[in-house]
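Asks: Structure incoming, see below.
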Amino acid sequence: MANEQLFQQRTKNLIDAVSFREPDKVPVGVEIITWPFSYAGVNYRDVIDDPQKTASVYTKFLDDMELDYYALGMGVPVAIRVHEIIGSKLYKLADDGMTIEHNQAGLDFMTAEEYDELISDFKGFLLKVQKRRFPILAGNQNDAYETLKKAAIAYRTFTQANSLINKIVTDKGIVALTPGNRDLAPRFTSPLNTLFDNLRGIKDTLADIRRRPEKLRAALKVIKAQVPPPAMQPDAFLSKDPIPLSRTVYHSECFLSPDQFDEFFFKEFKEVALPYMEKGAKYFIKGEGRFLNTIERYKELPKGAAVFMLDQDDPFEAYKLIGGHQVLATGITMDLLKGGTKQQCIDFVKKCFDTFAPGGGFIFLPNKPLMSANDANIDNLLAVYQFANEYGKKK
């Protein structure tokens with residue numbers, strides 16, 4: 001690693017911050033998706049088949065923007081070529097040639113009548129769903145085989161590009177807060193989110209909670225049984241640093257009542273995560289939507305065991321409820337970065353640092369990922385990161 005000493009210092013600062021110790025510098029991070037292509041002024045479609053060019057273009061923004069860490073991944077998140085080859089409707093490259101669109105509404109979801117099939121033969125039911133969504137798999141076997149070979153080649157190109165991106169990022173001494181390829185406490189996805197995101201869809205899953213709760217609960221029990229046992233036992237974390245963090249993401253949770261949240265998320269989350277948290281592991285919780293009505297639940301967990309990436313909730317209100325007990329990953333909103341003045345952005349960042357940083361328990365992170373060209377005013381963005389990197393240093 002070209003910047004090993006810098007990497008170690010940044011890791012130490014992260015560990016201190018999430019352990020409620022004031023770091024030498026408040027860690028400054030970002031969640032990135034495909035925005036780097038627009039920053040570089042290069043269409044992703046033009047470099048998608050060349051891993052070297054993809055990596056070079058994608059990391060160009062790092063010449064102008066100092067980062068201590070990144071959250072939830074660095075690189076292109078979806079192998080678009082694979083989806084194109086197999087005829088998938090789930091993901092596509094938008095008309096701008098850079099943004100990846102997730103088209104959940106275009107999926108062929110299960111019907112209410114198919115709950116019994118899911119419950120009686122989950123693996124068989126999944127195969128049926130895949131064939132329905134990807135007709136190439138249900139057709140001639142030779143044609144399917146040739147198509148899958150092409151998809152495998154495209155996927156290899158995709159992974160090569162992301163490997164090169166991650167090498168560049170690592171060589172710059174930037175820390176992966178929640179990487180996908182290192183030993184972690186088990187990640188958590190609630191069984192309800194599997195239905196919500198992949199099998200039944202948003203609208204029908206929420207309706208089923210009211211209309212057919214027993215079928216839904218039986219299905220969730222089957223889905224939960226498919227989760228493999230964790231690779232590491234909780235005691236392993238007694239001798240490990242808490243970085244990298246494990247993770248969970250809110251999807252359906254923001255639509256649930258507090259009682260539903262307890263049943264369908266928090267009870268299950270504690271069952272998986274609490275034994276690890278009690279031994280020192282920490283979980284990054286990516287918020288989507290609003291969840292202040294349940295955030296105080298996390299006072300039940302060990303201090304510093306959860307690191308919240310806030311989304312639509314006011315961070316100062318969240319701090320009143322959970323500050324001093326769980327960590328806040330916040331500091332600026334995309335709305336302000338896009339529509340505010342440079343001084344308004346800096347004033348907001350300063351208020352966040354002044355409020356959240358004393359005593360630790362705070363890392364800087366925008367409330368949403370950078371995805372598309374118009375997500376943020378570039379002048380505001382660069383000014384904010386320059387200010388955060390300087391202001392966050394211990395005086």
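FYI, nothing fancy with the structure tokens labels: chains A, B, ... in order, residues from 1 per chain, ligands from 1 as they appear.
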Mind running region 368-389 of chain A against region 33-42 of chain A at 8 Å and telling me each contacting residue's nearest atom pair with the distance in Å (one decimal), counting only C-alpha atoms, chain and number ascending, as CSV?
Replies:
residue,atom,partner,partner_atom,distance
A:Pro369,CA,A:Ile33,CA,6.5
A:Leu370,CA,A:Trp35,CA,5.4
A:Met371,CA,A:Trp35,CA,4.4
A:Ser372,CA,A:Trp35,CA,4.8
A:Ala373,CA,A:Ser38,CA,5.2
Asks: Next, write the just-selected residues to a file, as a PDB file, in the first residue's frame, keeping N, CA and C atoms as the atom set.
Replies:
ATOM      1  N   PRO A 369     -26.168   8.960  -1.156  1.00  0.00           N
ATOM      2  CA  PRO A 369     -25.023   8.687  -2.020  1.00  0.00           C
ATOM      3  C   PRO A 369     -24.977   9.651  -3.203  1.00  0.00           C
ATOM      4  N   LEU A 370     -23.780   9.860  -3.728  1.00  0.00           N
ATOM      5  CA  LEU A 370     -23.611  10.612  -4.968  1.00  0.00           C
ATOM      6  C   LEU A 370     -23.841   9.651  -6.124  1.00  0.00           C
ATOM      7  N   MET A 371     -24.891   9.913  -6.905  1.00  0.00           N
ATOM      8  CA  MET A 371     -25.251   9.015  -8.002  1.00  0.00           C
ATOM      9  C   MET A 371     -25.128   9.666  -9.372  1.00  0.00           C
ATOM     10  N   SER A 372     -25.713  10.856  -9.533  1.00  0.00           N
ATOM     11  CA  SER A 372     -25.860  11.457 -10.851  1.00  0.00           C
ATOM     12  C   SER A 372     -25.248  12.851 -10.891  1.00  0.00           C
ATOM     13  N   ALA A 373     -25.127  13.372 -12.107  1.00  0.00           N
ATOM     14  CA  ALA A 373     -24.423  14.631 -12.326  1.00  0.00           C
ATOM     15  C   ALA A 373     -24.999  15.780 -11.512  1.00  0.00           C
TER      16      ALA A 373
END
Asks: Would you tabulate, counting only C-alpha atoms, all residues of region 149-234 of chain A that have an atom at most 12 Å from an atom of region 256-270 of chain A, showing the closest pair of atoms and their distance in Å to one decimal, sorted by chain then ascending number, as JSON lines?
Replies:
{"residue": "A:Pro186", "atom": "CA", "partner": "A:Phe269", "partner_atom": "CA", "distance": 10.5}
{"residue": "A:Arg187", "atom": "CA", "partner": "A:Phe269", "partner_atom": "CA", "distance": 9.6}
{"residue": "A:Phe188", "atom": "CA", "partner": "A:Phe269", "partner_atom": "CA", "distance": 6.7}
{"residue": "A:Thr189", "atom": "CA", "partner": "A:Phe269", "partner_atom": "CA", "distance": 8.2}
{"residue": "A:Ser190", "atom": "CA", "partner": "A:Phe265", "partner_atom": "CA", "distance": 5.9}
{"residue": "A:Pro191", "atom": "CA", "partner": "A:Phe264", "partner_atom": "CA", "distance": 7.8}
{"residue": "A:Leu192", "atom": "CA", "partner": "A:Phe264", "partner_atom": "CA", "distance": 6.4}
{"residue": "A:Asn193", "atom": "CA", "partner": "A:Phe265", "partner_atom": "CA", "distance": 9.0}
{"residue": "A:Thr194", "atom": "CA", "partner": "A:Phe264", "partner_atom": "CA", "distance": 11.5}
{"residue": "A:Leu195", "atom": "CA", "partner": "A:Phe264", "partner_atom": "CA", "distance": 11.6}
{"residue": "A:Phe196", "atom": "CA", "partner": "A:Phe264", "partner_atom": "CA", "distance": 11.6}
{"residue": "A:Ile202", "atom": "CA", "partner": "A:Leu256", "partner_atom": "CA", "distance": 11.7}
{"residue": "A:Thr205", "atom": "CA", "partner": "A:Leu256", "partner_atom": "CA", "distance": 11.1}
{"residue": "A:Leu206", "atom": "CA", "partner": "A:Leu256", "partner_atom": "CA", "distance": 8.3}
{"residue": "A:Ala207", "atom": "CA", "partner": "A:Leu256", "partner_atom": "CA", "distance": 11.3}
{"residue": "A:Ile209", "atom": "CA", "partner": "A:Gln260", "partner_atom": "CA", "distance": 8.8}
{"residue": "A:Arg210", "atom": "CA", "partner": "A:Gln260", "partner_atom": "CA", "distance": 10.6}
{"residue": "A:Pro213", "atom": "CA", "partner": "A:Gln260", "partner_atom": "CA", "distance": 11.2}
{"residue": "A:Leu216", "atom": "CA", "partner": "A:Phe264", "partner_atom": "CA", "distance": 10.7}
{"residue": "A:Arg217", "atom": "CA", "partner": "A:Phe264", "partner_atom": "CA", "distance": 9.1}
{"residue": "A:Leu220", "atom": "CA", "partner": "A:Phe264", "partner_atom": "CA", "distance": 9.0}
{"residue": "A:Lys221", "atom": "CA", "partner": "A:Phe264", "partner_atom": "CA", "distance": 10.9}
{"residue": "A:Lys224", "atom": "CA", "partner": "A:Glu268", "partner_atom": "CA", "distance": 9.4}
Asks: Compile the contact shell of Tyr391 (chain A) as a list of chain:residue names: residues with an atom at most 10 Å away, counting only C-alpha atoms, same-chain residues fewer than 3 positions apart removed.
Replies: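 Near Tyr391 (chain A), the qualifying residues are A:Lys25, A:Val26, A:Val349, A:Lys350, A:Phe353, A:Asp354, A:Tyr385, A:Gln386, A:Phe387, A:Ala388, A:Lys394, A:Lys395.
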Asks: Could you give me, as CSV, every region 2-42 of chain A residue with an atom at most 7 Å from region 66-75 of chain A, plus its closest atom pair and distance in Å to one decimal, counting only C-alpha atoms, rows ordered by chain then number?
Replies:
residue,atom,partner,partner_atom,distance
A:Arg10,CA,A:Asp68,CA,5.9
A:Pro27,CA,A:Asp68,CA,5.7
A:Val28,CA,A:Asp68,CA,5.3
A:Gly29,CA,A:Tyr69,CA,4.7
A:Val30,CA,A:Tyr70,CA,5.1
A:Glu31,CA,A:Ala71,CA,5.1
A:Ile32,CA,A:Met74,CA,6.2
A:Ile33,CA,A:Gly75,CA,6.5
Asks: If I take CA of Pro315 (chain A) and CA of Pro179 (chain A), how far is one from the other in Å, to one decimal?
Replies: 25.0 Å
Asks: Give me the region 42-124 of chain A side of the contact with region 138-152 of chain A, cut-off 9 Å, one line per residue showing its nearest atom pair and distance in Å at one decimal, counting only C-alpha atoms, sorted by chain and residue number, as JSON lines.
Replies:
{"residue": "A:Arg81", "atom": "CA", "partner": "A:Ala151", "partner_atom": "CA", "distance": 7.4}
{"residue": "A:Val82", "atom": "CA", "partner": "A:Ala151", "partner_atom": "CA", "distance": 4.9}
{"residue": "A:His83", "atom": "CA", "partner": "A:Ala151", "partner_atom": "CA", "distance": 8.1}
{"residue": "A:Glu84", "atom": "CA", "partner": "A:Ala151", "partner_atom": "CA", "distance": 8.7}
{"residue": "A:Ile85", "atom": "CA", "partner": "A:Ala151", "partner_atom": "CA", "distance": 6.0}
{"residue": "A:Ile86", "atom": "CA", "partner": "A:Thr147", "partner_atom": "CA", "distance": 6.6}
Asks: Between CA of Asp311 (chain A) and CA of Met334 (chain A), measure the distance and give it in Å to one decimal.
Replies: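 That distance, rounded to one decimal, is 9.7 Å.
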Asks: May I ask which of the residues A:Leu365, A:Leu14, A:Leu6, A:Ala154 is the closest one to Pro51 (chain A), counting only C-alpha atoms?
Replies: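 Using only C-alpha atoms, the shortest distance to Pro51 (chain A) belongs to A:Ala154.
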Asks: Check region 174-285 of chain A with DSSP on the backbone and list each residue it calls strand (DSSP E or B), as a ChimeraX atom specification.
Replies: /A:175-176,188,246-249,283-285
Asks: Selected residues, N, CA and C atoms, written as an mmCIF file, in the first residue's frame, please.
Replies:
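To be explicit, this is the file written out as part_20.cif:
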data_model
loop_
_atom_site.group_PDB
_atom_site.id
_atom_site.type_symbol
_atom_site.label_atom_id
_atom_site.label_comp_id
_atom_site.auth_asym_id
_atom_site.auth_seq_id
_atom_site.Cartn_x
_atom_site.Cartn_y
_atom_site.Cartn_z
ATOM 1 N N VAL A 175 -9.970 4.370 3.774
ATOM 2 C CA VAL A 175 -10.424 3.200 4.531
ATOM 3 C C VAL A 175 -11.822 2.790 4.083
ATOM 4 N N ALA A 176 -12.011 1.501 3.913
ATOM 5 C CA ALA A 176 -13.349 0.955 3.641
ATOM 6 C C ALA A 176 -14.065 0.770 4.974
ATOM 7 N N PHE A 188 -26.954 -8.096 8.327
ATOM 8 C CA PHE A 188 -28.343 -8.424 8.618
ATOM 9 C C PHE A 188 -29.260 -7.827 7.572
ATOM 10 N N SER A 246 -19.875 -4.039 10.348
ATOM 11 C CA SER A 246 -20.874 -4.799 9.622
ATOM 12 C C SER A 246 -21.993 -3.832 9.256
ATOM 13 N N ARG A 247 -23.091 -4.350 8.679
ATOM 14 C CA ARG A 247 -24.086 -3.399 8.191
ATOM 15 C C ARG A 247 -25.495 -3.983 8.142
ATOM 16 N N THR A 248 -26.432 -3.063 8.114
ATOM 17 C CA THR A 248 -27.797 -3.362 7.738
ATOM 18 C C THR A 248 -28.368 -2.113 7.090
ATOM 19 N N VAL A 249 -29.422 -2.280 6.310
ATOM 20 C CA VAL A 249 -30.009 -1.169 5.567
ATOM 21 C C VAL A 249 -31.508 -1.143 5.820
ATOM 22 N N TYR A 283 -22.207 -1.974 14.050
ATOM 23 C CA TYR A 283 -23.009 -2.087 12.835
ATOM 24 C C TYR A 283 -23.289 -0.701 12.247
ATOM 25 N N PHE A 284 -23.056 -0.590 10.948
ATOM 26 C CA PHE A 284 -23.426 0.602 10.193
ATOM 27 C C PHE A 284 -24.873 0.433 9.742
ATOM 28 N N ILE A 285 -25.710 1.410 10.063
ATOM 29 C CA ILE A 285 -27.131 1.333 9.741
ATOM 30 C C ILE A 285 -27.463 2.442 8.748
#
Asks: Can you list, as a ChimeraX atom specification, every residue of region 279-393 of chain A that DSSP puts in helix (DSSP H, G or I)?
Replies: /A:295-300,315-322,334-339,342-356,373-375,378-391
Asks: Considering only C-alpha atoms, can you say which of A:Val222, A:Asn374, A:Phe125, A:Arg132 comes closest to Asp96 (chain A)?
Replies: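 Checking each of A:Val222, A:Asn374, A:Phe125, A:Arg132 against Asp96 (chain A), counting only C-alpha atoms, the winner is A:Asn374.
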Asks: So which residues touch Ile378 (chain A) within 9 Å, counting only C-alpha atoms, skipping near sequence neighbours fewer than 2 positions away, as a VMD selection string?
Replies: chain A and resid 39 337 to 338 374 376 380 to 383
Asks: Residues as selected, C-alpha atoms, written as a compact mmCIF listing (two decimals), in the first residue's frame, can you do that?
Replies:
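selection-v2.txt written:
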# COMPACT_ATOMS: atom_id res chain seq x y z
CA TYR A 39 -17.44 14.41 -12.52
CA LEU A 337 -25.31 20.83 -1.56
CA LYS A 338 -27.44 21.17 -4.66
CA ASN A 374 -26.95 16.99 -10.73
CA ALA A 376 -24.67 18.32 -5.93
CA ASN A 380 -20.37 23.54 -2.98
CA LEU A 381 -19.24 19.93 -2.74
CA LEU A 382 -15.52 20.69 -3.01
CA ALA A 383 -15.80 23.63 -0.61
